[in-house]
$ cat target.cif   # mmCIF, C-alpha atoms and all ligand atoms
data_entry
#
loop_
_atom_site.label_atom_id
_atom_site.label_comp_id
_atom_site.auth_asym_id
_atom_site.auth_seq_id
_atom_site.Cartn_x
_atom_site.Cartn_y
_atom_site.Cartn_z
CA MET A 1 118.98 -34.59 32.80
CA ARG A 2 117.46 -35.85 29.58
CA LEU A 3 120.13 -35.97 26.88
CA PHE A 4 120.81 -37.02 23.34
CA ALA A 5 123.71 -36.63 20.91
CA ALA A 6 122.95 -35.02 17.58
CA VAL A 7 124.11 -33.46 14.35
CA LEU A 8 122.68 -29.93 14.03
CA PRO A 9 122.29 -28.68 10.45
CA PRO A 10 123.48 -25.08 9.91
CA PRO A 11 121.02 -22.15 9.58
CA ALA A 12 121.09 -22.03 5.75
CA GLN A 13 120.10 -25.69 5.47
CA LEU A 14 117.44 -25.27 8.16
CA ALA A 15 116.02 -22.34 6.20
CA GLU A 16 115.81 -24.54 3.08
CA LEU A 17 113.91 -27.14 5.06
CA ALA A 18 111.64 -24.48 6.58
CA ARG A 19 110.65 -23.32 3.07
CA GLU A 20 109.91 -26.89 2.09
CA VAL A 21 107.86 -27.60 5.21
CA ASP A 22 105.89 -24.36 4.69
CA ARG A 23 104.79 -25.77 1.30
CA LEU A 24 103.23 -28.78 3.03
CA ALA A 25 100.88 -26.71 5.18
CA HIS A 26 98.03 -26.73 2.66
CA LEU A 27 98.06 -30.50 2.08
CA PRO A 28 95.30 -32.74 3.49
CA GLY A 29 95.94 -33.66 7.12
CA ALA A 30 98.70 -31.06 7.57
CA GLY A 31 96.64 -29.01 9.99
CA ARG A 32 96.20 -31.97 12.31
CA LEU A 33 99.90 -32.67 12.71
CA ARG A 34 102.11 -31.33 15.48
CA TRP A 35 104.95 -29.65 13.61
CA THR A 36 108.26 -29.80 15.46
CA SER A 37 109.80 -26.55 16.63
CA ARG A 38 112.30 -25.28 14.09
CA PRO A 39 115.07 -24.08 16.38
CA GLY A 40 115.31 -27.68 17.61
CA TRP A 41 115.62 -29.47 14.27
CA HIS A 42 118.34 -32.13 14.49
CA PHE A 43 119.51 -35.59 13.46
CA THR A 44 119.71 -37.73 16.58
CA LEU A 45 122.87 -39.83 16.78
CA ALA A 46 122.12 -41.55 20.09
CA PHE A 47 119.25 -41.03 22.51
CA MET A 48 120.31 -41.40 26.14
CA GLY A 49 117.21 -40.39 28.10
CA GLU A 50 117.65 -39.43 31.76
CA VAL A 51 121.36 -39.36 32.61
CA ASP A 52 122.61 -39.29 36.21
CA ASP A 53 124.70 -36.17 36.93
CA ALA A 54 127.46 -38.39 38.34
CA LEU A 55 128.02 -39.85 34.85
CA LEU A 56 128.41 -36.49 33.10
CA PRO A 57 132.21 -35.97 33.40
CA ASP A 58 132.98 -39.40 31.93
CA LEU A 59 130.23 -39.04 29.31
CA HIS A 60 131.66 -35.69 28.16
CA ALA A 61 135.19 -37.11 28.03
CA ARG A 62 134.12 -40.13 25.99
CA LEU A 63 132.00 -38.08 23.57
CA ALA A 64 134.93 -35.71 23.11
CA ARG A 65 137.13 -38.68 22.24
CA ALA A 66 134.54 -40.04 19.78
CA ALA A 67 134.42 -36.64 18.03
CA HIS A 68 138.20 -36.29 17.95
CA ARG A 69 138.53 -39.70 16.25
CA THR A 70 136.02 -38.88 13.51
CA ALA A 71 136.70 -36.94 10.31
CA PRO A 72 134.27 -34.23 9.13
CA PHE A 73 131.96 -35.39 6.34
CA PRO A 74 129.47 -34.00 3.82
CA LEU A 75 125.72 -34.27 4.34
CA ARG A 76 122.56 -32.80 2.87
CA LEU A 77 118.88 -32.96 3.70
CA HIS A 78 117.17 -35.33 1.35
CA GLY A 79 113.58 -36.37 0.60
CA GLY A 80 111.08 -37.53 3.16
CA GLY A 81 109.64 -40.56 4.84
CA HIS A 82 107.35 -41.68 7.63
CA PHE A 83 107.27 -44.09 10.53
CA GLY A 84 103.78 -45.54 10.37
CA ARG A 85 101.18 -42.86 10.93
CA ALA A 86 103.11 -41.22 13.74
CA VAL A 87 106.23 -39.49 12.41
CA LEU A 88 106.98 -37.46 9.28
CA TRP A 89 110.67 -36.86 8.62
CA THR A 90 113.23 -35.66 6.16
CA GLY A 91 116.24 -37.85 5.54
CA ALA A 92 119.91 -37.37 4.79
CA ALA A 93 122.18 -38.07 1.85
CA GLY A 94 125.94 -37.77 1.56
CA ASP A 95 128.47 -39.69 3.59
CA LEU A 96 125.93 -41.81 5.47
CA ASP A 97 128.62 -44.37 6.32
CA ARG A 98 130.43 -41.78 8.40
CA LEU A 99 127.16 -40.54 9.93
CA ARG A 100 126.48 -44.15 11.01
CA LEU A 101 130.03 -44.49 12.30
CA LEU A 102 129.60 -41.34 14.38
CA ALA A 103 126.25 -42.65 15.67
CA ASP A 104 127.89 -45.97 16.62
CA ARG A 105 130.76 -44.19 18.35
CA THR A 106 128.47 -41.89 20.35
CA GLU A 107 126.28 -44.80 21.38
CA ALA A 108 129.36 -46.76 22.49
CA ALA A 109 130.68 -43.70 24.36
CA ALA A 110 127.41 -43.37 26.29
CA ARG A 111 127.24 -47.06 27.06
CA ARG A 112 130.85 -47.09 28.33
CA ALA A 113 130.13 -44.06 30.50
CA GLY A 114 127.45 -46.13 32.20
CA VAL A 115 124.35 -44.68 30.52
CA PRO A 116 121.78 -47.47 30.27
CA MET A 117 121.18 -47.45 26.52
CA ASP A 118 118.39 -49.30 24.77
CA GLU A 119 119.33 -52.36 22.81
CA HIS A 120 121.31 -51.42 19.71
CA ARG A 121 118.93 -50.87 16.80
CA ALA A 122 119.67 -50.21 13.14
CA TYR A 123 120.46 -46.51 12.82
CA HIS A 124 117.90 -44.72 10.68
CA PRO A 125 119.02 -41.11 10.08
CA HIS A 126 116.00 -38.82 10.13
CA LEU A 127 114.99 -35.34 11.19
CA THR A 128 111.43 -35.35 12.53
CA VAL A 129 109.37 -32.49 11.11
CA ALA A 130 105.93 -33.51 12.41
CA ARG A 131 104.20 -35.99 14.65
CA SER A 132 100.65 -37.25 14.66
CA ARG A 133 98.69 -38.72 17.52
CA ALA A 134 95.67 -39.37 15.33
CA GLN A 135 95.84 -42.69 13.56
CA ASP A 136 93.66 -41.46 10.71
CA VAL A 137 96.08 -38.96 9.17
CA ASP A 138 97.63 -40.44 6.04
CA LEU A 139 101.20 -39.16 5.92
CA ARG A 140 101.86 -40.47 2.40
CA PRO A 141 100.82 -37.33 0.49
CA LEU A 142 103.17 -35.32 2.71
CA VAL A 143 105.98 -37.79 2.13
CA ALA A 144 105.33 -37.58 -1.62
CA ALA A 145 105.49 -33.78 -1.45
CA LEU A 146 108.83 -33.97 0.40
CA ALA A 147 110.29 -36.60 -1.94
CA PRO A 148 111.89 -34.20 -4.45
CA PHE A 149 113.49 -32.09 -1.71
CA GLU A 150 117.28 -31.84 -1.94
CA GLY A 151 119.00 -29.49 0.47
CA SER A 152 122.39 -28.00 -0.20
CA ARG A 153 125.44 -29.82 1.07
CA TRP A 154 127.28 -28.89 4.23
CA GLU A 155 130.26 -30.28 6.07
CA VAL A 156 129.33 -31.88 9.40
CA ALA A 157 132.09 -30.59 11.65
CA GLU A 158 130.62 -31.00 15.15
CA LEU A 159 129.06 -33.51 17.49
CA ALA A 160 126.51 -31.86 19.81
CA LEU A 161 125.22 -33.01 23.18
CA VAL A 162 121.66 -31.70 23.55
CA ARG A 163 119.48 -31.44 26.63
CA SER A 164 115.75 -31.91 26.17
CA HIS A 165 113.48 -29.92 28.47
CA LEU A 166 110.10 -31.60 28.34
CA PRO A 167 107.09 -29.28 28.31
CA GLY A 168 105.57 -28.94 31.75
CA GLY A 169 102.82 -26.48 30.98
CA GLY A 170 100.21 -29.05 30.02
CA ARG A 171 99.20 -27.03 26.97
CA PRO A 172 98.27 -29.34 24.06
CA GLY A 173 100.87 -29.36 21.31
CA GLU A 174 103.59 -27.88 23.53
CA GLN A 175 107.06 -28.88 22.31
CA PRO A 176 110.18 -29.88 24.19
CA ARG A 177 112.86 -27.21 24.29
CA TYR A 178 116.33 -28.25 23.23
CA GLU A 179 119.53 -26.78 24.66
CA THR A 180 122.98 -27.61 23.33
CA VAL A 181 125.07 -28.24 26.44
CA ALA A 182 128.36 -29.18 24.74
CA ALA A 183 129.82 -29.59 21.27
CA TRP A 184 133.07 -31.07 20.03
CA ALA A 185 134.78 -30.60 16.68
CA LEU A 186 135.14 -33.61 14.42
CA ASP A 187 138.84 -33.42 13.78
CA GLY A 188 139.91 -37.02 13.43
CA ALA A 189 141.01 -38.98 10.43
CA GLY A 190 138.71 -41.99 10.65
P1 LIG B 1 112.33 -38.80 16.90
O1 LIG B 1 112.62 -37.49 16.27
O2 LIG B 1 112.20 -39.91 15.91
O3 LIG B 1 111.19 -38.74 17.90
C1 LIG B 1 114.90 -36.17 21.20
O4 LIG B 1 113.76 -36.75 21.74
C2 LIG B 1 115.39 -36.95 20.01
O5 LIG B 1 115.74 -38.27 20.40
C3 LIG B 1 114.38 -37.10 18.89
O6 LIG B 1 115.04 -36.85 17.66
C4 LIG B 1 113.91 -38.52 18.98
O7 LIG B 1 113.64 -39.14 17.75
C5 LIG B 1 115.13 -39.21 19.55
N1 LIG B 1 114.79 -40.43 20.24
C6 LIG B 1 115.26 -41.67 19.95
N2 LIG B 1 114.79 -42.58 20.81
C7 LIG B 1 113.98 -41.92 21.66
C8 LIG B 1 113.18 -42.32 22.78
N3 LIG B 1 113.15 -43.58 23.21
N4 LIG B 1 112.45 -41.38 23.40
C9 LIG B 1 112.48 -40.09 22.98
N5 LIG B 1 113.22 -39.66 21.95
C10 LIG B 1 113.96 -40.55 21.29
#

$ encode --input "target.cif" --output "structure tokens"
Amino acid sequence: MRLFAAVLPPPAQLAELAREVDRLAHLPGAGRLRWTSRPGWHFTLAFMGEVDDALLPDLHARLARAAHRTAPFPLRLHGGGHFGRAVLWTGAAGDLDRLRLLADRTEAAARRAGVPMDEHRAYHPHLTVARSRAQDVDLRPLVAALAPFEGSRWEVAELALVRSHLPGGGRPGEQPRYETVAAWALDGAG
């Protein structure tokens, strides 16, 4: 199954982001973007891709251990940015060092469980709100509109393992469906 580890913001913070994203709808280019489905909004910690069922028990055990070593930490949704002309995202502020630590630990857990992970890349915390296939949509006005956004703070208290069901219907703009298959409390000290 296709899996990734993530931090899932709570409903109140997702509602704040939803209000912010609704404001962007009238901006130039907004109508040509594929807006991500709101129930699935998340910060990816480590993307694993297709994981063999045989690896799941060890993967779960190692992710549980990573969560149990890590202390809860504060986070808030913050501003916006883009990756080229393809991805519009909101970022995070707060204890980003601990978010990175949790991302490193989940990546290491997956690797040790035998999941073939991509080469380690610098972790760039982001929550994708829209994607564009067209190369002629300038995302900068949307990024500028998101820049002042500051969500309210919450305490990240859980590491989630999320399954991604890719759309099979062939309808244009169809989104993957995300299903949380396991979650572990962050109840460590480090
Ligand atoms: P993105 O939001 O920047 O696309 C589920 O696909 C999650 O895993 C998304 O948040 C996605 O990031 C992230 N991800 C990271 N690497 C990926 C990859 N190689 N393929 C698909 N998704 C990836």

$ closest_atom_pairs --input "target.cif" --of "chain A" --to "ligand LIG 1 (chain B)" --cutoff "8 Å" --atoms "all atoms listed in the file" --output "tab-separated table"
residue	atom	partner	partner_atom	distance
A:Leu3	CA	B:LIG1	C1	7.7
A:Phe4	CA	B:LIG1	O5	6.0
A:His42	CA	B:LIG1	O6	6.6
A:Phe43	CA	B:LIG1	O6	6.3
A:Thr44	CA	B:LIG1	O6	4.9
A:Ala46	CA	B:LIG1	C6	6.9
A:Phe47	CA	B:LIG1	C6	4.8
A:Met48	CA	B:LIG1	N2	7.8
A:Gly49	CA	B:LIG1	N4	6.8
A:Val87	CA	B:LIG1	O2	6.9
A:Trp89	CA	B:LIG1	O1	7.9
A:Asp118	CA	B:LIG1	N3	7.9
A:His126	CA	B:LIG1	O2	7.0
A:Leu127	CA	B:LIG1	O1	6.0
A:Thr128	CA	B:LIG1	O1	4.5
A:Val129	CA	B:LIG1	O1	7.9
A:Ser164	CA	B:LIG1	C1	6.6

$ atom_distance --input "target.cif" --atom1 "atom CA of A:Glu155" --atom2 "atom CA of A:Thr70"
12.7 Å

$ residues_near_point --input "target.cif" --point "(96.5, -34.1, 4.8)" --cutoff "12 Å" --atoms "only C-alpha atoms" --output "list in words"
Leu24, Ala25, His26, Leu27, Pro28, Gly29, Ala30, Gly31, Arg32, Leu33, Arg85, Leu88, Ser132, Ala134, Asp136, Val137, Asp138, Leu139, Arg140, Pro141, Leu142, Val143, Ala144 and Ala145 of chain A

$ closest_residue --input "target.cif" --among "A:Arg153, A:His120, A:Arg76, A:Arg34" --to "A:Glu174" --atoms "only C-alpha atoms"
A:Arg34

$ residues_near_point --input "target.cif" --point "(125.9, -45.2, 30.2)" --cutoff "12 Å" --atoms "only C-alpha atoms" --output "PyMOL selection string"
chain A and resi 3-4+46-60+62-63+106-118

$ write_last_selection --input "target.cif" --atoms "C-alpha atoms" --output "CSV table (one decimal), keeping the file's coordinate frame"
chain,number,residue,atom,x,y,z
A,3,LEU,CA,120.1,-36.0,26.9
A,4,PHE,CA,120.8,-37.0,23.3
A,46,ALA,CA,122.1,-41.6,20.1
A,47,PHE,CA,119.2,-41.0,22.5
A,48,MET,CA,120.3,-41.4,26.1
A,49,GLY,CA,117.2,-40.4,28.1
A,50,GLU,CA,117.6,-39.4,31.8
A,51,VAL,CA,121.4,-39.4,32.6
A,52,ASP,CA,122.6,-39.3,36.2
A,53,ASP,CA,124.7,-36.2,36.9
A,54,ALA,CA,127.5,-38.4,38.3
A,55,LEU,CA,128.0,-39.8,34.8
A,56,LEU,CA,128.4,-36.5,33.1
A,57,PRO,CA,132.2,-36.0,33.4
A,58,ASP,CA,133.0,-39.4,31.9
A,59,LEU,CA,130.2,-39.0,29.3
A,60,HIS,CA,131.7,-35.7,28.2
A,62,ARG,CA,134.1,-40.1,26.0
A,63,LEU,CA,132.0,-38.1,23.6
A,106,THR,CA,128.5,-41.9,20.4
A,107,GLU,CA,126.3,-44.8,21.4
A,108,ALA,CA,129.4,-46.8,22.5
A,109,ALA,CA,130.7,-43.7,24.4
A,110,ALA,CA,127.4,-43.4,26.3
A,111,ARG,CA,127.2,-47.1,27.1
A,112,ARG,CA,130.8,-47.1,28.3
A,113,ALA,CA,130.1,-44.1,30.5
A,114,GLY,CA,127.4,-46.1,32.2
A,115,VAL,CA,124.4,-44.7,30.5
A,116,PRO,CA,121.8,-47.5,30.3
A,117,MET,CA,121.2,-47.4,26.5
A,118,ASP,CA,118.4,-49.3,24.8

$ closest_residue --input "target.cif" --among "A:Gly91, A:Gly170, A:Pro72, A:Pro39" --to "A:Ala185" --atoms "only C-alpha atoms"
A:Pro72

$ closest_residue --input "target.cif" --among "A:Pro167, A:Gly151, A:Pro74, A:Gly40" --to "A:Glu20" --atoms "all atoms listed in the file"
A:Gly151

$ closest_residue --input "target.cif" --among "A:Ala12, A:Val21, A:Leu75, A:Ala130" --to "A:Ala147" --atoms "all atoms listed in the file"
A:Val21

$ closest_residue --input "target.cif" --among "A:Gly168, A:Gly84, A:Pro10, A:Gly188" --to "A:His68" --atoms "all atoms listed in the file"
A:Gly188

$ closest_residue --input "target.cif" --among "A:Ala61, A:Ala66, A:Leu77, A:Ala86" --to "A:Leu102" --atoms "all atoms listed in the file"
A:Ala66

$ atom_distance --input "target.cif" --atom1 "atom CA of A:Trp184" --atom2 "atom CA of A:Phe149"
29.3 Å

$ residues_around --input "target.cif" --residues "A:Gly190" --least-positions-apart "4" --cutoff "9 Å" --atoms "all atoms listed in the file" --output "VMD selection string"
chain A and resid 69 to 71 98

$ write_last_selection --input "target.cif" --atoms "C-alpha atoms" --output "PDB file, in the frame of the given file"
ATOM      1  CA  ARG A  69     138.530 -39.700  16.250  1.00  0.00           C
ATOM      2  CA  THR A  70     136.020 -38.880  13.510  1.00  0.00           C
ATOM      3  CA  ALA A  71     136.700 -36.940  10.310  1.00  0.00           C
ATOM      4  CA  ARG A  98     130.430 -41.780   8.400  1.00  0.00           C
TER       5      ARG A  98
END

$ atom_distance --input "target.cif" --atom1 "atom CA of A:Leu96" --atom2 "atom CA of A:Glu150"
15.1 Å

$ residues_around --input "target.cif" --residues "A:Ala160" --least-positions-apart "6" --cutoff "8 Å" --atoms "all atoms listed in the file" --output "PDB file with C-alpha atoms, in the frame of the given file"
ATOM      1  CA  ALA A   5     123.710 -36.630  20.910  1.00  0.00           C
ATOM      2  CA  ALA A   6     122.950 -35.020  17.580  1.00  0.00           C
ATOM      3  CA  VAL A   7     124.110 -33.460  14.350  1.00  0.00           C
ATOM      4  CA  LEU A   8     122.680 -29.930  14.030  1.00  0.00           C
ATOM      5  CA  THR A 180     122.980 -27.610  23.330  1.00  0.00           C
ATOM      6  CA  VAL A 181     125.070 -28.240  26.440  1.00  0.00           C
ATOM      7  CA  ALA A 182     128.360 -29.180  24.740  1.00  0.00           C
ATOM      8  CA  ALA A 183     129.820 -29.590  21.270  1.00  0.00           C
ATOM      9  CA  TRP A 184     133.070 -31.070  20.030  1.00  0.00           C
TER      10      TRP A 184
END

$ axis_aligned_box --input "target.cif" --around "stretch 102-117 of chain A" --padding-each-side "4 Å" --output "AutoDock Vina command-line options"
--center_x 126.0 --center_y -44.4 --center_z 23.3 --size_x 17.7 --size_y 14.1 --size_z 25.8
